[in-house]
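Novice: Structure below; questions to follow.
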Amino acid sequence: MWAELLGLERVGRHDHFFELGGHSLLAVQLMERLRRLSLGVEVRTLFARPVLADLAASLGSHHEVAVPANLITEESTAITPQMLPLIDLTQEEIDRIVATVPGGVGNIQDIYGLSPLQDGILFHHLLASRGDPYLLVSQMAFADRGLLERYLAAVQQVVDRHDILRTAFVWEGLSSPAQVVAESAAAGERGRAG
């Protein structure tokens, strides 16, 4: 598999993935191929054990995480703690979250805790004395209204397709910060977090 990915004729058990020309994109491809063979390993394991023999010894030690089914459906008229297996919130906290989402329960796709990376993003947001280190502002000009409308329609398609672009962090008044995925959000609409 290494030889094929790296375009080499032979690879020895003491060869180093990155010294042979491997890079992060090839590492991701390798992880996917191993996963298809039920030999799951995390990409960080390859960075920690880049020698073939060492990596081979760790194969199969990674177990896929089973993500529970989303219990919030289009028919849901309320969200209860039992419907949120990935975060421990009280009914009062859930109601507080629902109140922050335009459209309420009907516009909530899911609620779950922050990942460690997202915890760091929130930390830096809260630490910032002015602005937000993760917020990038740009200004665009369009030759005519038609071009602007086409651009906004294209951006809306991207927002509709990707959950992360409809996700907000909510933390005020909660025992632990949550991310809330909205069913829909208008492109250009400023999200509210707090």
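Ligands are numbered from 1 in the order shown, chains are lettered A, B, ... in the order of the structure tokens, and residues start at 1 in each chain.
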Quick one: residues within 9 Å of region 5-9 of chain A, only C-alpha atoms, excluding same-chain residues fewer than 3 positions away - as a list of chain:residue names?

Specialist: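 That gives A:Met1, A:Trp2, A:Phe17, A:Leu20, A:Gly21, A:Gly22, A:Leu26, A:Gln29, A:Leu30.
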
Novice: How would the residues just chosen look if you wrote them out with all heavy atoms as an mmCIF file, in the first residue's frame?

Specialist:
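What ended up in out-v3.cif:
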```cif
data_model
loop_
_atom_site.group_PDB
_atom_site.id
_atom_site.type_symbol
_atom_site.label_atom_id
_atom_site.label_comp_id
_atom_site.auth_asym_id
_atom_site.auth_seq_id
_atom_site.Cartn_x
_atom_site.Cartn_y
_atom_site.Cartn_z
ATOM 1 N N MET A 1 0.831 -1.185 0.000
ATOM 2 C CA MET A 1 0.000 0.000 0.000
ATOM 3 C C MET A 1 0.883 1.259 0.000
ATOM 4 O O MET A 1 0.605 2.207 -0.724
ATOM 5 C CB MET A 1 -0.915 -0.027 1.230
ATOM 6 C CG MET A 1 -2.082 0.899 1.142
ATOM 7 S SD MET A 1 -3.162 0.785 2.577
ATOM 8 C CE MET A 1 -3.898 -0.813 2.366
ATOM 9 N N TRP A 2 1.927 1.249 0.839
ATOM 10 C CA TRP A 2 2.842 2.395 0.882
ATOM 11 C C TRP A 2 3.498 2.587 -0.482
ATOM 12 O O TRP A 2 3.589 3.705 -0.984
ATOM 13 C CB TRP A 2 3.926 2.196 1.937
ATOM 14 C CG TRP A 2 3.537 2.521 3.338
ATOM 15 C CD1 TRP A 2 2.294 2.432 3.896
ATOM 16 C CD2 TRP A 2 4.401 2.978 4.359
ATOM 17 N NE1 TRP A 2 2.349 2.806 5.214
ATOM 18 C CE2 TRP A 2 3.633 3.148 5.530
ATOM 19 C CE3 TRP A 2 5.761 3.249 4.417
ATOM 20 C CZ2 TRP A 2 4.170 3.572 6.730
ATOM 21 C CZ3 TRP A 2 6.304 3.676 5.615
ATOM 22 C CH2 TRP A 2 5.510 3.844 6.764
ATOM 23 N N PHE A 17 7.790 6.757 6.419
ATOM 24 C CA PHE A 17 6.782 7.263 5.481
ATOM 25 C C PHE A 17 7.149 8.643 4.933
ATOM 26 O O PHE A 17 7.111 8.879 3.728
ATOM 27 C CB PHE A 17 5.410 7.310 6.169
ATOM 28 C CG PHE A 17 4.277 7.733 5.273
ATOM 29 C CD1 PHE A 17 3.719 6.853 4.369
ATOM 30 C CD2 PHE A 17 3.761 9.018 5.353
ATOM 31 C CE1 PHE A 17 2.671 7.236 3.539
ATOM 32 C CE2 PHE A 17 2.713 9.423 4.544
ATOM 33 C CZ PHE A 17 2.165 8.527 3.632
ATOM 34 N N LEU A 20 10.294 8.919 2.733
ATOM 35 C CA LEU A 20 10.079 8.360 1.399
ATOM 36 C C LEU A 20 9.277 9.303 0.500
ATOM 37 O O LEU A 20 8.997 8.975 -0.640
ATOM 38 C CB LEU A 20 9.338 7.015 1.496
ATOM 39 C CG LEU A 20 10.097 5.861 2.125
ATOM 40 C CD1 LEU A 20 9.196 4.630 2.239
ATOM 41 C CD2 LEU A 20 11.347 5.530 1.313
ATOM 42 N N GLY A 21 8.905 10.450 1.036
ATOM 43 C CA GLY A 21 8.146 11.413 0.234
ATOM 44 C C GLY A 21 6.696 11.537 0.644
ATOM 45 O O GLY A 21 5.920 12.251 0.002
ATOM 46 N N GLY A 22 6.304 10.855 1.702
ATOM 47 C CA GLY A 22 4.930 10.966 2.185
ATOM 48 C C GLY A 22 4.645 12.352 2.734
ATOM 49 O O GLY A 22 5.550 13.045 3.186
ATOM 50 N N LEU A 26 -1.202 12.372 1.429
ATOM 51 C CA LEU A 26 -1.014 10.930 1.249
ATOM 52 C C LEU A 26 -1.333 10.179 2.536
ATOM 53 O O LEU A 26 -1.837 9.059 2.500
ATOM 54 C CB LEU A 26 0.410 10.625 0.793
ATOM 55 C CG LEU A 26 0.743 11.020 -0.649
ATOM 56 C CD1 LEU A 26 2.222 10.761 -0.938
ATOM 57 C CD2 LEU A 26 -0.132 10.278 -1.644
ATOM 58 N N GLN A 29 -4.999 9.631 2.634
ATOM 59 C CA GLN A 29 -5.366 8.565 1.694
ATOM 60 C C GLN A 29 -5.020 7.191 2.266
ATOM 61 O O GLN A 29 -5.789 6.234 2.134
ATOM 62 C CB GLN A 29 -4.652 8.765 0.356
ATOM 63 C CG GLN A 29 -5.160 9.957 -0.430
ATOM 64 C CD GLN A 29 -4.369 10.157 -1.717
ATOM 65 O OE1 GLN A 29 -3.719 9.249 -2.220
ATOM 66 N NE2 GLN A 29 -4.423 11.370 -2.254
ATOM 67 N N LEU A 30 -3.874 7.103 2.912
ATOM 68 C CA LEU A 30 -3.464 5.847 3.541
ATOM 69 C C LEU A 30 -4.455 5.440 4.628
ATOM 70 O O LEU A 30 -4.865 4.277 4.704
ATOM 71 C CB LEU A 30 -2.057 5.983 4.128
ATOM 72 C CG LEU A 30 -1.520 4.774 4.889
ATOM 73 C CD1 LEU A 30 -1.381 3.568 3.971
ATOM 74 C CD2 LEU A 30 -0.180 5.117 5.540
#
```

Novice: Quick one: pick out all strand (DSSP E) residues within chain A from a backbone DSSP run and write them as a list in words.

Specialist: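 Matching residues for strand (DSSP E) in chain A are Ile108, Gln109, Asp110, Ile111, Tyr112, Gly113, Thr167, Ala168, Phe169, Val170, Ala178, Gln179, Val180, Val181 and Ala182 of chain A.
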
Novice: Determine the nearest neighbour of Val41 (chain A) from the options A:Leu55, A:Gln91, A:Leu126, A:Arg145, counting only C-alpha atoms.

Specialist: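 Smallest distance to Val41 (chain A) is found for A:Leu55.
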
Novice: Extract, using only C-alpha atoms, all DNA, RNA and protein residues at most 9 Å from Ala53 (chain A), discarding same-chain residues fewer than 6 positions from it, and format them as a PyMOL selection string.

Specialist: chain A and resi 12-15

Novice: One decimal, Å: what's the distance from CA of Phe18 (chain A) over to CA of Ser38 (chain A), could you say?

Specialist: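 Atom-to-atom, CA of Phe18 (chain A) and CA of Ser38 (chain A) are spaced 23.4 Å apart.
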
Novice: Just how far from CA of Glu183 (chain A) is CA of Val101 (chain A), in Å to one decimal?

Specialist: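 Computed distance, CA of Val101 (chain A) to CA of Glu183 (chain A), equals 10.2 Å.
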
Novice: Counting only C-alpha atoms, figure out which residue out of A:Gly131, A:Gly173, A:Gly146, A:Gly113 gets nearest to Leu86 (chain A).

Specialist: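 Among the listed residues, the smallest separation from Leu86 (chain A) belongs to A:Gly113.
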
Novice: Name all residues at most 9 Å from Glu93 (chain A) (count only C-alpha atoms; drop same-chain ones fewer than 5 positions away) and give them as a VMD selection string.

Specialist: chain A and resid 98 173 to 175
